[in-house]
Amino acid sequence: MKMLKFKCTLLSDVILNQKASTEGPNQTLDFIPGSCFLGIVASEYDKFEKEGKAMEIFHSGKVRFGDAHPSKGDVRGLKIPASMFYPKLKKISDGEIYIHHAVPNLESDDMKQKQLKQCRNGFYTFVDSKATEVKTETNFAIKSAYDREKRRSKDEQMYGYESLQKGLELYFEVQVENDDLAEDIKGALVGKKRVGRSRTAQYGLVEITETGYSDVKCEKPENNIVTVYADGRLIFLDEYGLPTFRPTAKDLGLEGGEILWNKSQIRTFQYAPWNYTRQCFDTDRCGIEKGSVFVVDVSNCGNLDLKSQYVGSFNNEGFGKVIYNPEFLKADNDGLASYQVDKLDDGDKKESEDRDAKIKKEIENLKKGNVLMQYLAQQKHEEEMESEVYAIVNDWVDKNWKQFQDHAFASQWGTIRSIAMKHKALEELRNELFDNTRMETKKKKDESQEQILKPNAYLTHGVAADKWNERGRKKAFKEFFDKLSEENAQMAIINLAAEMSKKCRKEVNE
């Protein structure tokens, strides 16, 4: 068997809809399915049929076209495993990632307090105990169907396309059992090709080159336990030929083993593939999503061949690839993962800054258009502002919530939230929370009176002032407030107060 490795570079935006439906919201896949590369080779079907190779390439299952994953450097990216969890209100990059099946007691008070969340989205490269996220930026465009007779846009025929952004690099493999077919596969794949939807428009242009890349390393099984990581989507059929979400250990290539379902983390998918030749939908495909992890007891297994392989059905389209005992699923005695997620390096920060500048430019260009374009500009701007607010609120909560955990501060934050609901302007909020004063008349010893200016803001007088002055609480909140702008102040204060109120109630109840 020969393993061919390729790199696919997007020369334009690419549309790969998750669903075949044309109505309602539709998102793009964040990888390129192997069926796209199968289709590229199938475009030369007549040539292969004349040479007597079509049956073996397309119908024998001896040629398997793998999925192309977003990658970085010379390492192929992998979907983040569904068995990785991190504490609520923390980030994946904070260095506290738990492997679900390796945690000794998920019902312990400590684990319940952490409120572990499952990692579900994104592709990562795993190298030298470091996991680095591979960003898959997307674009969204609104299109309109064209009326050829009236030479204008069709009425009531607008739709939106989400697409993978050009410049993304992806790696994929093709397994060929007959080495003699390798050169034919290379010749059909290498070069500039088109994939996805709207290929006749500005979408879908890619360049495929043959190149080598590094794969993830695998470990030997410990304590007769084998983890099976779904590198590709998996489709299994039962004895009646119907799709099933409960495969057997034999289906996973581990005959004699027993799947420990309570330790496994499985996510599923369903879609109906479109058959272009028959111009209709084929039977729904129901399967297990990539990134899922099975935990199998192999105590009763014979000779184990724990090399990466394809299992299940539709292997020629990239379905079914599994990896046994990948090293990134190792954990210590407490269940903490051996891999740590890297934070943004200088290159990633520059990409983020470039993206922000690009978005601002797009918004400015949209504002110059008609009413619809101006509306879209406003919506895009609000979405970006909302993301920014959530980021700064979560960051402040992570760093400062412990200063409030010893006291019932829920009502304090509730009052701050009500103040923010009433006052939108930044200076009004500053005045109500920090700067407001009042004149008070005070009698002197000689019976004369004098006017004294006293603090009258919520955080500077009364019982609240005493509580906020302790442990640097007011200072920390003031630093957060001073970073806000006229535009995001109200939204940020409301979100922060709501989040901190929940945290305080949780601490009081405990």
# chains A, B, ... in the order shown; residues from 1 in each chain; ligands from 1
>>> residues_around(residues="stretch 328-344 of chain A", least_positions_apart="2", cutoff="8 Å", atoms="only C-alpha atoms", output="list in words")
Met84, Ile92, Ser93, Asp94, Gly95, Glu96, Ile97, Tyr98, Ile99, His100, His101, Ala102, Val103, Pro104, Phe126, Ser129, Lys130, Ala131, Thr132, Glu133, Thr227, Asn325, Pro326, Asp346, Gly347, Asp348 and Lys349 of chain A
>>> select_by_dssp(residues="stretch 259-441 of chain A", states="strand (DSSP E or B)", output="ChimeraX atom specification")
/A:259,265,268-271,274-275,280-281,285-288,293-297,309-310,321-324,326,331,336-337,340-341,437-441
>>> atom_distance(atom1="atom CA of A:Asp215", atom2="atom CA of A:Gly34")
17.5 Å
>>> select_by_dssp(residues="stretch 61-225 of chain A", states="alpha helix (DSSP H)", output="MDAnalysis selection string")
chainID A and resid 109:114 182:189
>>> residues_around(residues="A:Ser71", least_positions_apart="4", cutoff="10 Å", atoms="only C-alpha atoms", output="PyMOL selection string")
chain A and resi 7-8+75-78+123-125+132-136+168-172+213
>>> write_last_selection(atoms="C-alpha atoms", output="tab-separated table (two decimals), in the first residue's frame")
chain	number	residue	atom	x	y	z
A	7	LYS	CA	-1.13	20.12	0.34
A	8	CYS	CA	-4.21	22.04	-0.78
A	75	VAL	CA	2.17	19.37	10.68
A	76	ARG	CA	-1.33	18.25	9.74
A	77	GLY	CA	-4.05	19.71	11.95
A	78	LEU	CA	-6.56	17.56	13.81
A	123	PHE	CA	-8.31	22.34	14.49
A	124	TYR	CA	-5.00	22.06	16.34
A	125	THR	CA	-1.50	20.84	15.59
A	132	THR	CA	-1.45	25.20	18.53
A	133	GLU	CA	-4.75	26.34	17.06
A	134	VAL	CA	-5.02	26.62	13.29
A	135	LYS	CA	-7.28	29.55	12.52
A	136	THR	CA	-9.90	29.00	9.83
A	168	LEU	CA	-5.70	28.65	4.05
A	169	GLU	CA	-3.39	25.63	3.75
A	170	LEU	CA	-4.74	22.12	4.27
A	171	TYR	CA	-3.07	18.69	4.22
A	172	PHE	CA	-4.65	15.42	3.11
A	213	TYR	CA	3.96	16.41	6.48
>>> atom_distance(atom1="atom CA of A:Tyr159", atom2="atom CA of A:Tyr146")
11.9 Å
>>> atom_distance(atom1="atom CA of A:Thr277", atom2="atom CA of A:Phe314")
18.5 Å
>>> decode(residues="stretch 421-441 of chain A", atoms="N, CA and C atoms", output="short mmCIF file (atom, residue, chain, number, x, y, z; two decimals), in the first residue's frame")
data_model
loop_
_atom_site.label_atom_id
_atom_site.label_comp_id
_atom_site.auth_asym_id
_atom_site.auth_seq_id
_atom_site.Cartn_x
_atom_site.Cartn_y
_atom_site.Cartn_z
N MET A 421 -28.45 49.96 33.17
CA MET A 421 -29.64 49.89 32.31
C MET A 421 -30.27 51.27 32.12
N LYS A 422 -30.12 52.14 33.12
CA LYS A 422 -30.76 53.46 33.07
C LYS A 422 -29.89 54.52 32.40
N HIS A 423 -28.57 54.31 32.41
CA HIS A 423 -27.67 55.35 31.91
C HIS A 423 -26.79 54.77 30.80
N LYS A 424 -26.89 55.34 29.62
CA LYS A 424 -26.14 54.82 28.48
C LYS A 424 -24.81 55.52 28.31
N ALA A 425 -24.74 56.82 28.55
CA ALA A 425 -23.53 57.59 28.30
C ALA A 425 -22.43 57.23 29.29
N LEU A 426 -21.19 57.25 28.82
CA LEU A 426 -20.05 56.89 29.65
C LEU A 426 -19.92 57.83 30.85
N GLU A 427 -20.07 59.15 30.64
CA GLU A 427 -19.91 60.10 31.74
C GLU A 427 -21.04 59.99 32.76
N GLU A 428 -22.23 59.65 32.30
CA GLU A 428 -23.33 59.43 33.23
C GLU A 428 -23.05 58.24 34.14
N LEU A 429 -22.53 57.18 33.55
CA LEU A 429 -22.18 55.99 34.33
C LEU A 429 -21.06 56.29 35.32
N ARG A 430 -20.06 57.04 34.85
CA ARG A 430 -18.96 57.40 35.74
C ARG A 430 -19.46 58.22 36.93
N ASN A 431 -20.37 59.14 36.64
CA ASN A 431 -20.91 59.99 37.69
C ASN A 431 -21.73 59.19 38.70
N GLU A 432 -22.58 58.29 38.21
CA GLU A 432 -23.43 57.50 39.10
C GLU A 432 -22.63 56.51 39.94
N LEU A 433 -21.53 55.98 39.38
CA LEU A 433 -20.78 54.95 40.08
C LEU A 433 -19.63 55.50 40.93
N PHE A 434 -18.96 56.58 40.44
CA PHE A 434 -17.73 57.01 41.10
C PHE A 434 -17.70 58.49 41.52
N ASP A 435 -18.23 59.40 40.71
CA ASP A 435 -17.92 60.83 40.88
C ASP A 435 -19.01 61.67 41.51
N ASN A 436 -20.20 61.17 41.62
CA ASN A 436 -21.31 62.01 42.08
C ASN A 436 -21.06 62.49 43.53
N THR A 437 -21.41 63.75 43.78
CA THR A 437 -21.26 64.34 45.13
C THR A 437 -22.53 65.08 45.52
N ARG A 438 -22.63 65.44 46.82
CA ARG A 438 -23.76 66.23 47.29
C ARG A 438 -23.25 67.26 48.31
N MET A 439 -23.99 68.36 48.42
CA MET A 439 -23.67 69.40 49.40
C MET A 439 -24.40 69.09 50.70
N GLU A 440 -23.67 69.16 51.80
CA GLU A 440 -24.25 68.87 53.11
C GLU A 440 -23.94 70.02 54.06
N THR A 441 -24.96 70.42 54.82
CA THR A 441 -24.78 71.52 55.79
C THR A 441 -24.34 70.96 57.13
#
